[in-house]
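Colleague: The structure follows.
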Amino acid sequence: MTEQSPPPPRRTFHLNLNWLGVMPFALFVLLFLVMPTMKIVVGAFQRPDGSFTFANIAGLFTPSILSSYWISIKISVSSAAIGCLIGFLMAAAMVLGGLPRGLRSPLMTFSGVASNFAGVPLAFAFLATLGPLGLVTVFLRTEFGINLRAMGFNILSFWGLTITYLFFQIPLMILIVTPALDGLKREWREAASCLGATGAQYWRMVALPILFPTILGTFALLFANAFGAVATAIALTGSSLNIVPIMLFAQIRGDVLGDPHLGYAMAFGMILVTGLANVVYIVLRMRSERWLK
Amino acid sequence: MAPILEISKLRKSYGSTEILKDINVSIDKGDFLVLVGPSGCGKSTLLNCIAGLEPITGGSILIDGQDMTHVSPKDRNIAMVFQSYALYPTMSVAKNITFGMKVRGVDQATQDRKLREVAQQLQIEAYLNRRPGQLSGGQRQRVAMGRALVRDPKLFLFDEPLSNLDAKLRVEMRSEIKKLHHRLGASIVYVTHDQIEAMTLATKIVVMKGGVIQQIGTPQEIYNRPANLFVADFMGSPAMNLIPARVRGTQVEIDRPGAAPILLSDPKVAGLPENVILGLRPEDIAEAGYRAGSDVQQAACQIDLVEPAGADTYVVSTLGGKAVTARLHTETRAAPGESLDLAFDLGKVSYFEPDSGRRLN
Ligand SMILES: Nc1ncnc2c1ncn2[C@@H]1O[C@H](COP(=O)(O)OP(=O)(O)OP(=O)(O)O)[C@@H](O)[C@H]1O
Ligand SMILES: [Mg+2]
């Protein structure tokens with residue numbers, strides 16, 4: 001090929017086109033994320049007549065609302081912790097263990113789907129299997145005489161909700177931690193074994209410190225994920241468990257107290273909690289990328 | 001004295017593909033063995049087998065007389081330096097270096113003493129508290145060596161430790177490794193695909209191709225008496241001239257364009273097959289007048305190309321249908337298209353069989 005001077009660049013034209021491509025997304029974010037958030041934040045500090053007040057925020061500190069926050073946090077923490085643990089072990093078995101390579105792609109695809117499988121369909125699936133008249137519940141009772149309900153298990157409970165949330169928490173953990181495990185260099189392990197380290201020493205002193213930011217960050221993300229999972233909770237428990245999203249939903253629908261501005265305040269609280277968890281996630285994620293580069 | 005490393009009949013396969021075929025090598029204490037060969041010939045695999053990071057399919061590995069064939073890497077008393085350095089990103093330089101001692105429960109005072117010794121030796125005292133991510137390539141290289149040095153192992157294993165450095169640093173580190181080897185009297189197995197590194201560092205070279213050892217010898221043996229065409233071509237830069245020639249009694253005949261063939265007398269060729277490949281290094285073909293002796297013979301050659309290279313000038317001429325390089329002094333006048341009398345030093349010549357590539361003399 002002969003050397004030729006390139007045609008004069010038409011930069012502005014290209015730039016405009018590029019920005020055009022992002023427009024729908026930007027519009028989407030503005031309409032459905034930024035503007036509602038602003039409305040919630042503003043609404044949390046307004047009386048129904050529009051004047052400024054702290055009363056709504058103060059209203060959050062009533063026993064019923066505080067306890068709903070508390071139980072939400074507990075469910076989120078437990079489902080995030082268990083999800084992290086099980087997801088990590090599964091991903092480690094897949095990446096580092098002797099599982100056949102062919103298993104990886106289906107598991108990742110399934111995780112991609114399952115981590116988004118929330119809301120009404122998920123609730124229905126769990127009710128249909130583990131609900132009071134669910135397949136497994138009935139099967140265990142009629143075939144083996146095991147009565148889950150009598151043993152204290154109830155899908156419409158703390159543990160029931162935790163288990164349901166695990167259905168998307170575990171896959172999400174797998175999705176995020178698999179690339180991190182891939183990033184563990186083979187030579188790190190080989191160097192450790194040449195230097196005389198046992199497998200346990202390698203994990204404790206080398207691998208886990210490298211993975212720690214990823215694991216902790218993913219924990220924060222899973223927490224936020226569970227904390228905001230409103231639809232699943234409502235569909236599953238109706239109003240039998242007063243976690244925040246349900247209380248919130250009730251506020252907005254006007255069922256209970258009929259105070260939409262208290263609802264705004266509750267939503268504002270949720271935004272704070274999930275926002276904080278997401279910030280933790282992003283910060284730790286940046287840290288872990290530094291190690292794994 | 002028993003060899004420090006003795007590999008016999010080693011074979012290694014991945015599934016049905018055989019990567020290493022019947023490897024037999026041994027080195028003595030203090031030897032610097034360099035494994036050299038083109039990419040994919042199995043150098044790293046062999047090194048990993050010695051380290052115990054890869055199980056072997058057959059044969060045995062003895063380190064200092066002890067059978068290590070089935071011993072795990074951590075009990076082989078070896079230290080390995082990796083191409084990627086494999087430093088731990090979350091640990092400081094000091095922690096990286098003492099890691100091996102820590103996991104083996106060496107007491108703190110000894111750890112500190114050794115760390116100081118090695119840091120001084122490698123001149124890395126100034127950044128013991130930094131993380132590997134904050135170091136340059138050359139500094140990381142030193143830390144990786146430090147981590148190996150504190151171990152005081154029976155055997156050091158290096159897998160292309162300099163390949164990630166730029167040319168200047170590579171030369172610097174090369175001579176440092178050489179000095180280190182002298183000072184410590186360490187036994188080293190070193191992998192590289194850079195034949196200059198092999199020549200300068202080794203006390204013993206193993207040239208490999210396709211999982212088969214082509215030749216084992218000192219750098220001089222490998223350079224002066226390559227065992228086959230592959231070794232002749234692979235070692236040395238610019239490469240050895242390999243010129244198709246015909247044997248006529250005690251003379252060899254080489255075609256040249258536009259003139260009668262060159263006839264060179266060499267009693268060594270008596271009894272060789274008719275068609276041979278004549279191997280001469282560029283420095284053994286020079287301008288007439290600089291070399292004397294019964295083995296040096298002259299012929300007029302047509303110059304195709306002149307390449308000044310600073311200290312020397314290389315000229316290229318076509319002989320036997322091949323581009324043949326000769327090394328001249330810079331002050332010699334040579335121009336493309338002209339004819340020049342070149343002197344061939346037949347005392348240095350190698351003859352090869354064209355088909356098998358085997359050395360004939
Ligand atoms: N885990 C493996 N499974 C199958 N084949 C492998 C595996 N590891 C290496 N090989 C093959 O073994 C051969 C030798 O590989 P090796 O890494 O030893 O080459 P090398 O001489 O070190 O090359 P380079 O100079 O590029 O590092 C290659 O053909 C490679 O494809
Ligand atoms: Mg290699």
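Ligands are numbered from 1 in the order shown, chains are lettered A, B, ... in the order of the structure tokens, and residues start at 1 in each chain.
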Residues of chain B within 6 Å of chain A, counting only C-alpha atoms, what are they? List them as number ranges by chain.

Modeller: B: 73-74, 86, 89, 100, 103

Colleague: May I have the residues from that selection written out with C-alpha atoms, as a PDB file, in the first residue's frame?

Modeller:
ATOM      1  CA  PRO B  73       7.155 -27.989  44.488  1.00  0.00           C
ATOM      2  CA  LYS B  74       7.351 -26.650  48.017  1.00  0.00           C
ATOM      3  CA  ALA B  86       4.455 -12.971  39.899  1.00  0.00           C
ATOM      4  CA  PRO B  89       0.288  -6.798  44.505  1.00  0.00           C
ATOM      5  CA  GLY B 100       8.906 -17.610  51.486  1.00  0.00           C
ATOM      6  CA  VAL B 103       5.427 -19.422  55.348  1.00  0.00           C
TER       7      VAL B 103
END

Colleague: Would you list the contacts of stretch 175-180 of chain B as a list in words, taking every protein, DNA or RNA residue within 9 Å and counting only C-alpha atoms, but skipping same-chain residues closer than 5 positions in sequence?

Modeller: Gln121, Leu122, Arg170, Gly185, Ala186, Thr200, Leu201 and Ala202 of chain B

Colleague: May I have the residues from that selection written out with all heavy atoms, as a tab-separated table (two decimals), in the first residue's frame?

Modeller:
chain	number	residue	atom	x	y	z
B	121	GLN	N	22.38	-6.34	48.18
B	121	GLN	CA	22.95	-6.99	47.02
B	121	GLN	C	22.30	-6.49	45.72
B	121	GLN	O	22.97	-6.25	44.73
B	121	GLN	CB	22.69	-8.48	47.14
B	121	GLN	CG	23.86	-9.35	46.84
B	121	GLN	CD	23.57	-10.76	47.29
B	121	GLN	OE1	22.49	-11.30	47.03
B	121	GLN	NE2	24.51	-11.39	47.96
B	122	LEU	N	20.98	-6.35	45.76
B	122	LEU	CA	20.25	-5.99	44.54
B	122	LEU	C	19.97	-4.50	44.45
B	122	LEU	O	19.31	-4.05	43.52
B	122	LEU	CB	18.93	-6.77	44.48
B	122	LEU	CG	19.06	-8.27	44.35
B	122	LEU	CD1	17.74	-8.95	44.61
B	122	LEU	CD2	19.56	-8.64	42.96
B	170	ARG	N	17.75	-4.70	29.64
B	170	ARG	CA	17.97	-6.12	29.50
B	170	ARG	C	19.46	-6.44	29.54
B	170	ARG	O	19.90	-7.37	30.19
B	170	ARG	CB	17.35	-6.59	28.18
B	170	ARG	CG	17.24	-8.08	28.06
B	170	ARG	CD	16.08	-8.47	27.21
B	170	ARG	NE	16.17	-7.88	25.89
B	170	ARG	CZ	15.14	-7.54	25.15
B	170	ARG	NH1	13.93	-7.72	25.59
B	170	ARG	NH2	15.31	-7.02	23.96
B	185	GLY	N	27.98	-18.58	43.21
B	185	GLY	CA	28.26	-19.95	42.78
B	185	GLY	C	27.00	-20.78	42.68
B	185	GLY	O	26.99	-21.98	42.92
B	186	ALA	N	25.88	-20.11	42.37
B	186	ALA	CA	24.59	-20.78	42.36
B	186	ALA	C	24.44	-21.68	41.14
B	186	ALA	O	25.07	-21.45	40.12
B	186	ALA	CB	23.48	-19.75	42.37
B	200	THR	N	25.87	-15.41	26.29
B	200	THR	CA	26.62	-14.62	27.27
B	200	THR	C	26.52	-15.20	28.67
B	200	THR	O	27.44	-15.05	29.46
B	200	THR	CB	26.13	-13.16	27.31
B	200	THR	OG1	24.71	-13.18	27.39
B	200	THR	CG2	26.56	-12.40	26.09
B	201	LEU	N	25.40	-15.84	29.01
B	201	LEU	CA	25.20	-16.27	30.40
B	201	LEU	C	25.66	-17.70	30.67
B	201	LEU	O	26.18	-17.99	31.75
B	201	LEU	CB	23.72	-16.14	30.78
B	201	LEU	CG	23.18	-14.73	30.95
B	201	LEU	CD1	21.68	-14.77	31.14
B	201	LEU	CD2	23.85	-14.04	32.12
B	202	ALA	N	25.48	-18.55	29.69
B	202	ALA	CA	25.54	-19.98	29.99
B	202	ALA	C	26.95	-20.50	30.23
B	202	ALA	O	27.92	-19.99	29.68
B	202	ALA	CB	24.91	-20.76	28.84

Colleague: Grab me every residue within 8 Å of ligand 2, counting only C-alpha atoms and all ligand atoms, and send it over as a ChimeraX atom specification.

Modeller: /B:39-40,42-45,159-160,191-192

Colleague: Would you mind exporting the chosen residues as a PDB file, in the first residue's frame, restricted to N, CA and C atoms?

Modeller:
ATOM      1  N   SER B  39       9.860 -20.198  20.074  1.00  0.00           N
ATOM      2  CA  SER B  39       8.628 -20.172  20.859  1.00  0.00           C
ATOM      3  C   SER B  39       7.850 -21.476  20.684  1.00  0.00           C
ATOM      4  N   GLY B  40       7.353 -21.999  21.804  1.00  0.00           N
ATOM      5  CA  GLY B  40       6.526 -23.199  21.750  1.00  0.00           C
ATOM      6  C   GLY B  40       7.297 -24.495  21.703  1.00  0.00           C
ATOM      7  N   GLY B  42       8.802 -25.903  24.156  1.00  0.00           N
ATOM      8  CA  GLY B  42       8.669 -26.665  25.393  1.00  0.00           C
ATOM      9  C   GLY B  42       9.624 -26.255  26.493  1.00  0.00           C
ATOM     10  N   LYS B  43      10.257 -25.111  26.361  1.00  0.00           N
ATOM     11  CA  LYS B  43      11.217 -24.663  27.381  1.00  0.00           C
ATOM     12  C   LYS B  43      10.537 -24.452  28.729  1.00  0.00           C
ATOM     13  N   SER B  44       9.448 -23.661  28.714  1.00  0.00           N
ATOM     14  CA  SER B  44       8.753 -23.382  29.968  1.00  0.00           C
ATOM     15  C   SER B  44       8.195 -24.669  30.564  1.00  0.00           C
ATOM     16  N   THR B  45       7.685 -25.517  29.704  1.00  0.00           N
ATOM     17  CA  THR B  45       7.139 -26.779  30.186  1.00  0.00           C
ATOM     18  C   THR B  45       8.221 -27.580  30.909  1.00  0.00           C
ATOM     19  N   ASP B 159      12.492 -18.247  34.223  1.00  0.00           N
ATOM     20  CA  ASP B 159      11.758 -18.367  32.958  1.00  0.00           C
ATOM     21  C   ASP B 159      11.713 -17.011  32.267  1.00  0.00           C
ATOM     22  N   GLU B 160      12.535 -16.824  31.282  1.00  0.00           N
ATOM     23  CA  GLU B 160      12.612 -15.570  30.515  1.00  0.00           C
ATOM     24  C   GLU B 160      12.503 -14.348  31.412  1.00  0.00           C
ATOM     25  N   VAL B 191      15.689 -20.088  31.188  1.00  0.00           N
ATOM     26  CA  VAL B 191      15.012 -20.238  29.898  1.00  0.00           C
ATOM     27  C   VAL B 191      15.034 -18.921  29.141  1.00  0.00           C
ATOM     28  N   THR B 192      15.337 -18.981  27.869  1.00  0.00           N
ATOM     29  CA  THR B 192      15.255 -17.777  27.044  1.00  0.00           C
ATOM     30  C   THR B 192      15.055 -18.192  25.600  1.00  0.00           C
TER      31      THR B 192
END

Colleague: Return as a short mmCIF file (atom, residue, chain, number, x, y, z; two decimals) with C-alpha atoms, in the first residue's frame every polymer residue, whether protein, DNA or RNA, with at least one atom no more than 12 Å from an atom of ligand 1; count only C-alpha atoms and all ligand atoms.

Modeller:
data_model
loop_
_atom_site.label_atom_id
_atom_site.label_comp_id
_atom_site.auth_asym_id
_atom_site.auth_seq_id
_atom_site.Cartn_x
_atom_site.Cartn_y
_atom_site.Cartn_z
CA ARG A 186 -1.65 -18.67 37.82
CA LYS B 12 5.61 -34.89 29.06
CA SER B 13 2.30 -35.05 27.24
CA TYR B 14 -0.86 -33.00 27.37
CA GLY B 15 -3.52 -35.52 26.45
CA SER B 16 -2.26 -37.19 23.30
CA THR B 17 0.17 -34.42 22.25
CA GLU B 18 3.71 -35.12 23.31
CA ILE B 19 5.37 -31.83 24.32
CA LEU B 20 8.70 -33.13 25.62
CA LYS B 21 10.34 -36.20 24.15
CA LEU B 35 17.47 -23.69 27.71
CA VAL B 36 17.06 -21.97 24.38
CA GLY B 37 14.81 -22.56 21.42
CA PRO B 38 12.01 -21.03 19.37
CA SER B 39 8.63 -20.17 20.86
CA GLY B 40 6.53 -23.20 21.75
CA CYS B 41 9.39 -25.69 21.79
CA GLY B 42 8.67 -26.67 25.39
CA LYS B 43 11.22 -24.66 27.38
CA SER B 44 8.75 -23.38 29.97
CA THR B 45 7.14 -26.78 30.19
CA LEU B 46 10.49 -28.38 30.96
CA LEU B 47 11.22 -25.74 33.60
CA ASN B 48 7.80 -26.28 35.17
CA CYS B 49 8.47 -30.00 35.24
CA LEU B 53 4.46 -27.38 38.79
CA GLU B 54 3.61 -29.82 36.02
CA PRO B 55 3.44 -33.57 36.61
CA PHE B 82 8.78 -15.93 36.56
CA GLN B 83 8.55 -14.03 33.31
CA SER B 84 5.70 -11.95 34.74
CA PHE B 158 14.46 -18.53 35.63
CA ASP B 159 11.76 -18.37 32.96
CA GLU B 160 12.61 -15.57 30.51
CA PRO B 161 13.19 -13.12 33.37
CA SER B 163 11.86 -10.50 28.29
CA TYR B 190 17.53 -20.34 32.73
CA VAL B 191 15.01 -20.24 29.90
CA THR B 192 15.25 -17.78 27.04
CA HIS B 193 14.54 -17.60 23.36
CA ASP B 194 17.24 -14.97 22.96
CA GLN B 195 20.37 -16.68 21.69
CA VAL B 207 19.12 -26.06 22.27
CA MET B 208 15.58 -27.38 21.88
CA LYS B 209 13.14 -27.64 19.01
CA GLY B 210 9.71 -29.24 19.06
CA GLY B 211 10.28 -30.84 22.46
CA VAL B 212 13.48 -32.54 21.35
CA ILE B 213 16.99 -31.60 22.48
#

Colleague: Can you list every residue in stretch 195-351 of chain B that DSSP puts in alpha helix (DSSP H), as a PyMOL selection string?

Modeller: chain B and resi 195-201+219-224+229-234

Colleague: Let's have the selection written as a compact mmCIF listing (two decimals), in the first residue's frame, with all heavy atoms.

Modeller:
# COMPACT_ATOMS: atom_id res chain seq x y z
N GLN B 195 19.13 -15.90 21.76
CA GLN B 195 20.37 -16.68 21.69
C GLN B 195 21.57 -15.89 22.20
O GLN B 195 22.54 -16.47 22.66
CB GLN B 195 20.58 -17.23 20.28
CG GLN B 195 20.34 -16.26 19.16
CD GLN B 195 21.58 -15.49 18.79
OE1 GLN B 195 22.68 -15.91 19.10
NE2 GLN B 195 21.40 -14.35 18.13
N ILE B 196 21.49 -14.55 22.18
CA ILE B 196 22.61 -13.77 22.72
C ILE B 196 22.67 -13.93 24.24
O ILE B 196 23.73 -14.12 24.84
CB ILE B 196 22.46 -12.28 22.34
CG1 ILE B 196 22.49 -12.17 20.81
CG2 ILE B 196 23.59 -11.45 22.95
CD1 ILE B 196 22.40 -10.76 20.29
N GLU B 197 21.47 -13.88 24.87
CA GLU B 197 21.41 -14.12 26.31
C GLU B 197 22.00 -15.50 26.63
O GLU B 197 22.77 -15.65 27.57
CB GLU B 197 19.94 -14.10 26.75
CG GLU B 197 19.64 -13.16 27.89
CD GLU B 197 18.14 -12.99 28.03
OE1 GLU B 197 17.49 -13.83 28.67
OE2 GLU B 197 17.64 -12.01 27.46
N ALA B 198 21.65 -16.47 25.82
CA ALA B 198 22.16 -17.82 26.04
C ALA B 198 23.68 -17.85 25.95
O ALA B 198 24.35 -18.40 26.83
CB ALA B 198 21.55 -18.79 25.02
N MET B 199 24.22 -17.23 24.91
CA MET B 199 25.67 -17.26 24.72
C MET B 199 26.40 -16.56 25.85
O MET B 199 27.45 -17.02 26.31
CB MET B 199 26.04 -16.57 23.39
CG MET B 199 25.60 -17.30 22.14
SD MET B 199 26.39 -18.89 21.92
CE MET B 199 28.08 -18.39 21.68
N THR B 200 25.87 -15.41 26.29
CA THR B 200 26.62 -14.62 27.27
C THR B 200 26.52 -15.20 28.67
O THR B 200 27.44 -15.05 29.46
CB THR B 200 26.13 -13.16 27.31
OG1 THR B 200 24.71 -13.18 27.39
CG2 THR B 200 26.56 -12.40 26.09
N LEU B 201 25.40 -15.84 29.01
CA LEU B 201 25.20 -16.27 30.40
C LEU B 201 25.66 -17.70 30.67
O LEU B 201 26.18 -17.99 31.75
CB LEU B 201 23.72 -16.14 30.78
CG LEU B 201 23.18 -14.73 30.95
CD1 LEU B 201 21.68 -14.77 31.14
CD2 LEU B 201 23.85 -14.04 32.12
N PRO B 219 28.83 -22.83 25.33
CA PRO B 219 28.53 -21.85 24.28
C PRO B 219 29.49 -21.96 23.10
O PRO B 219 29.07 -21.85 21.95
CB PRO B 219 28.70 -20.51 25.02
CG PRO B 219 28.40 -20.82 26.44
CD PRO B 219 28.89 -22.22 26.66
N GLN B 220 30.78 -22.21 23.37
CA GLN B 220 31.75 -22.32 22.28
C GLN B 220 31.44 -23.52 21.39
O GLN B 220 31.47 -23.42 20.17
CB GLN B 220 33.18 -22.44 22.84
CG GLN B 220 33.70 -21.18 23.50
CD GLN B 220 32.98 -20.90 24.82
OE1 GLN B 220 32.62 -21.81 25.56
NE2 GLN B 220 32.74 -19.62 25.09
N GLU B 221 31.17 -24.66 22.02
CA GLU B 221 30.85 -25.85 21.22
C GLU B 221 29.63 -25.61 20.34
O GLU B 221 29.62 -25.95 19.15
CB GLU B 221 30.57 -27.05 22.14
CG GLU B 221 31.83 -27.69 22.70
CD GLU B 221 31.55 -28.58 23.90
OE1 GLU B 221 30.37 -28.73 24.28
OE2 GLU B 221 32.50 -29.11 24.46
N ILE B 222 28.59 -25.03 20.95
CA ILE B 222 27.36 -24.78 20.20
C ILE B 222 27.63 -23.82 19.05
O ILE B 222 27.14 -24.01 17.93
CB ILE B 222 26.29 -24.17 21.13
CG1 ILE B 222 25.99 -25.09 22.29
CG2 ILE B 222 25.05 -23.78 20.34
CD1 ILE B 222 24.91 -26.06 22.09
N TYR B 223 28.44 -22.82 19.32
CA TYR B 223 28.69 -21.79 18.31
C TYR B 223 29.61 -22.31 17.22
O TYR B 223 29.37 -22.09 16.04
CB TYR B 223 29.32 -20.57 18.99
CG TYR B 223 29.38 -19.34 18.12
CD1 TYR B 223 28.24 -18.59 17.87
CD2 TYR B 223 30.59 -18.92 17.56
CE1 TYR B 223 28.29 -17.45 17.07
CE2 TYR B 223 30.64 -17.79 16.76
CZ TYR B 223 29.49 -17.05 16.53
OH TYR B 223 29.54 -15.93 15.74
N ASN B 224 30.67 -23.00 17.61
CA ASN B 224 31.67 -23.41 16.63
C ASN B 224 31.34 -24.73 15.95
O ASN B 224 31.71 -24.93 14.81
CB ASN B 224 33.05 -23.53 17.31
CG ASN B 224 33.54 -22.18 17.78
OD1 ASN B 224 33.24 -21.16 17.16
ND2 ASN B 224 34.26 -22.17 18.89
N LEU B 229 21.72 -28.41 11.21
CA LEU B 229 21.39 -27.17 10.52
C LEU B 229 20.54 -26.25 11.39
O LEU B 229 20.70 -25.04 11.36
CB LEU B 229 20.62 -27.48 9.22
CG LEU B 229 21.48 -27.90 8.03
CD1 LEU B 229 20.58 -28.31 6.87
CD2 LEU B 229 22.41 -26.75 7.61
N PHE B 230 19.61 -26.84 12.19
CA PHE B 230 18.76 -26.01 13.02
C PHE B 230 19.59 -25.20 14.01
O PHE B 230 19.43 -23.98 14.13
CB PHE B 230 17.73 -26.86 13.77
CG PHE B 230 16.95 -26.05 14.76
CD1 PHE B 230 15.92 -25.24 14.34
CD2 PHE B 230 17.30 -26.07 16.11
CE1 PHE B 230 15.23 -24.46 15.25
CE2 PHE B 230 16.61 -25.29 17.03
CZ PHE B 230 15.57 -24.47 16.59
N VAL B 231 20.50 -25.86 14.71
CA VAL B 231 21.33 -25.16 15.70
C VAL B 231 22.21 -24.13 15.01
O VAL B 231 22.35 -22.99 15.47
CB VAL B 231 22.19 -26.17 16.50
CG1 VAL B 231 23.08 -25.43 17.49
CG2 VAL B 231 21.32 -27.17 17.21
N ALA B 232 22.77 -24.52 13.85
CA ALA B 232 23.63 -23.60 13.11
C ALA B 232 22.89 -22.32 12.76
O ALA B 232 23.41 -21.21 12.89
CB ALA B 232 24.12 -24.29 11.84
N ASP B 233 21.63 -22.49 12.36
CA ASP B 233 20.85 -21.34 11.93
C ASP B 233 20.34 -20.53 13.13
O ASP B 233 20.25 -19.32 13.07
CB ASP B 233 19.67 -21.83 11.09
CG ASP B 233 18.94 -20.68 10.44
OD1 ASP B 233 19.62 -19.80 9.89
OD2 ASP B 233 17.70 -20.66 10.49
N PHE B 234 20.01 -21.24 14.22
CA PHE B 234 19.36 -20.57 15.35
C PHE B 234 20.32 -19.76 16.19
O PHE B 234 19.99 -18.68 16.68
CB PHE B 234 18.66 -21.62 16.22
CG PHE B 234 17.78 -21.03 17.28
CD1 PHE B 234 16.55 -20.48 16.95
CD2 PHE B 234 18.21 -20.99 18.59
CE1 PHE B 234 15.75 -19.91 17.91
CE2 PHE B 234 17.41 -20.41 19.57
CZ PHE B 234 16.18 -19.88 19.22

Colleague: Give me, please, the distance in Å between atom CA of B:Lys204 and atom CA of B:Leu184, quoted to one decimal.

Modeller: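 Atom-to-atom, atom CA of B:Lys204 to atom CA of B:Leu184, that is 17.4 Å.
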
Colleague: Name the residues in contact with stretch 276-286 of chain A at a cut-off of 9 Å, using only C-alpha atoms, excluding same-chain residues fewer than 6 positions from it; report them as an mmCIF file with C-alpha atoms, in the first residue's frame.

Modeller:
data_model
loop_
_atom_site.group_PDB
_atom_site.id
_atom_site.type_symbol
_atom_site.label_atom_id
_atom_site.label_comp_id
_atom_site.auth_asym_id
_atom_site.auth_seq_id
_atom_site.Cartn_x
_atom_site.Cartn_y
_atom_site.Cartn_z
ATOM 1 C CA PHE A 212 -11.149 -8.903 49.504
ATOM 2 C CA PRO A 213 -12.185 -5.573 47.937
ATOM 3 C CA THR A 214 -14.176 -7.404 45.276
ATOM 4 C CA ILE A 215 -15.949 -9.587 47.813
ATOM 5 C CA LEU A 216 -16.718 -6.731 50.175
ATOM 6 C CA GLY A 217 -17.804 -4.501 47.305
ATOM 7 C CA THR A 218 -20.075 -7.177 45.919
ATOM 8 C CA PHE A 219 -21.517 -7.636 49.395
ATOM 9 C CA ALA A 220 -22.466 -3.944 49.366
ATOM 10 C CA LEU A 221 -24.029 -4.311 45.944
ATOM 11 C CA LEU A 222 -26.007 -7.395 46.978
ATOM 12 C CA PHE A 223 -27.148 -5.543 50.059
ATOM 13 C CA ALA A 224 -28.449 -2.634 47.982
#

Colleague: For a test of reading the model, state the distance in Å between atom CA of B:Leu264 and atom CA of B:Gln297, rounded to one decimal.

Modeller: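 Between atom CA of B:Leu264 and atom CA of B:Gln297 the gap is 6.7 Å.
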
Colleague: Neighbouring residues of A:Ile82 were defined as those with any atom within 9 Å, considering only C-alpha atoms; residues of the same chain fewer than 6 positions away were excluded. Please report them as a VMD selection string.

Modeller: chain A and resid 162 166 169 to 170

Colleague: Can you spit out the residues from that selection as a PDB file, in the first residue's frame, using N, CA, C and O atoms?

Modeller:
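To be explicit, this is the file written out as again12.pdb:
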ATOM      1  N   THR A 162     -35.356 -14.311  52.762  1.00  0.00           N
ATOM      2  CA  THR A 162     -33.913 -14.425  52.541  1.00  0.00           C
ATOM      3  C   THR A 162     -33.617 -15.475  51.477  1.00  0.00           C
ATOM      4  O   THR A 162     -32.840 -15.239  50.547  1.00  0.00           O
ATOM      5  N   LEU A 166     -31.998 -15.064  47.732  1.00  0.00           N
ATOM      6  CA  LEU A 166     -30.772 -15.775  47.331  1.00  0.00           C
ATOM      7  C   LEU A 166     -30.830 -16.199  45.877  1.00  0.00           C
ATOM      8  O   LEU A 166     -29.808 -16.358  45.224  1.00  0.00           O
ATOM      9  N   GLN A 169     -29.378 -13.293  44.358  1.00  0.00           N
ATOM     10  CA  GLN A 169     -28.127 -12.854  44.982  1.00  0.00           C
ATOM     11  C   GLN A 169     -26.948 -13.752  44.574  1.00  0.00           C
ATOM     12  O   GLN A 169     -25.882 -13.263  44.210  1.00  0.00           O
ATOM     13  N   ILE A 170     -27.161 -15.066  44.638  1.00  0.00           N
ATOM     14  CA  ILE A 170     -26.058 -15.994  44.311  1.00  0.00           C
ATOM     15  C   ILE A 170     -25.585 -15.792  42.867  1.00  0.00           C
ATOM     16  O   ILE A 170     -24.389 -15.619  42.628  1.00  0.00           O
TER      17      ILE A 170
END

Colleague: Please provide the set of residues having any atom within 9 Å of A:Ala226, restricted to only C-alpha atoms, with same-chain residues fewer than 6 positions apart removed, written as a ChimeraX atom specification.

Modeller: /A:72-73,75-77,79-80,162,165,169

Colleague: Next, write the just-selected residues to a file, as a PDB file, in the first residue's frame, keeping C-alpha atoms as the atom set.

Modeller:
ATOM      1  CA  SER A  72     -35.111  -4.796  55.818  1.00  0.00           C
ATOM      2  CA  ILE A  73     -31.503  -4.332  56.765  1.00  0.00           C
ATOM      3  CA  ILE A  75     -32.874  -9.507  55.494  1.00  0.00           C
ATOM      4  CA  SER A  76     -30.559  -7.648  53.127  1.00  0.00           C
ATOM      5  CA  VAL A  77     -27.477  -8.398  55.190  1.00  0.00           C
ATOM      6  CA  SER A  79     -29.205 -12.624  51.974  1.00  0.00           C
ATOM      7  CA  ALA A  80     -26.135 -10.672  50.835  1.00  0.00           C
ATOM      8  CA  THR A 162     -33.913 -14.425  52.541  1.00  0.00           C
ATOM      9  CA  TYR A 165     -33.632 -13.274  47.545  1.00  0.00           C
ATOM     10  CA  GLN A 169     -28.127 -12.854  44.982  1.00  0.00           C
TER      11      GLN A 169
END

Colleague: Restricting the calculation to only C-alpha atoms: of A:Ile246, A:Phe61, A:Ile176, A:Tyr69, which residue gets closest to A:Val273?

Modeller: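 Between A:Ile246, A:Phe61, A:Ile176, A:Tyr69, the residue approaching A:Val273 most closely is A:Tyr69.
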
Colleague: As a ChimeraX atom specification, which residues of stretch 26-125 of chain B does DSSP assign to strand (DSSP E)?

Modeller: /B:26-27,32-36,58-63,66-67,78-81

Colleague: Residues as selected, C-alpha atoms, written as a short mmCIF file (atom, residue, chain, number, x, y, z; two decimals), in the first residue's frame, can you do that?

Modeller:
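Saved result, result28.cif, follows:
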data_model
loop_
_atom_site.label_atom_id
_atom_site.label_comp_id
_atom_site.auth_asym_id
_atom_site.auth_seq_id
_atom_site.Cartn_x
_atom_site.Cartn_y
_atom_site.Cartn_z
CA SER B 26 22.39 -33.08 33.90
CA ILE B 27 24.28 -30.19 35.41
CA PHE B 32 24.50 -22.03 34.51
CA LEU B 33 22.31 -24.03 32.17
CA VAL B 34 20.41 -22.11 29.51
CA LEU B 35 17.47 -23.69 27.71
CA VAL B 36 17.06 -21.97 24.38
CA GLY B 58 7.64 -40.46 32.24
CA GLY B 59 11.25 -40.46 33.34
CA SER B 60 12.81 -39.05 36.48
CA ILE B 61 14.16 -35.84 38.00
CA LEU B 62 16.89 -35.92 40.63
CA ILE B 63 17.90 -32.80 42.53
CA GLN B 66 17.41 -37.07 45.62
CA ASP B 67 14.55 -38.39 43.53
CA ILE B 78 14.13 -24.63 44.37
CA ALA B 79 13.44 -20.97 43.71
CA MET B 80 11.77 -19.78 40.57
CA VAL B 81 11.72 -16.36 38.91
#
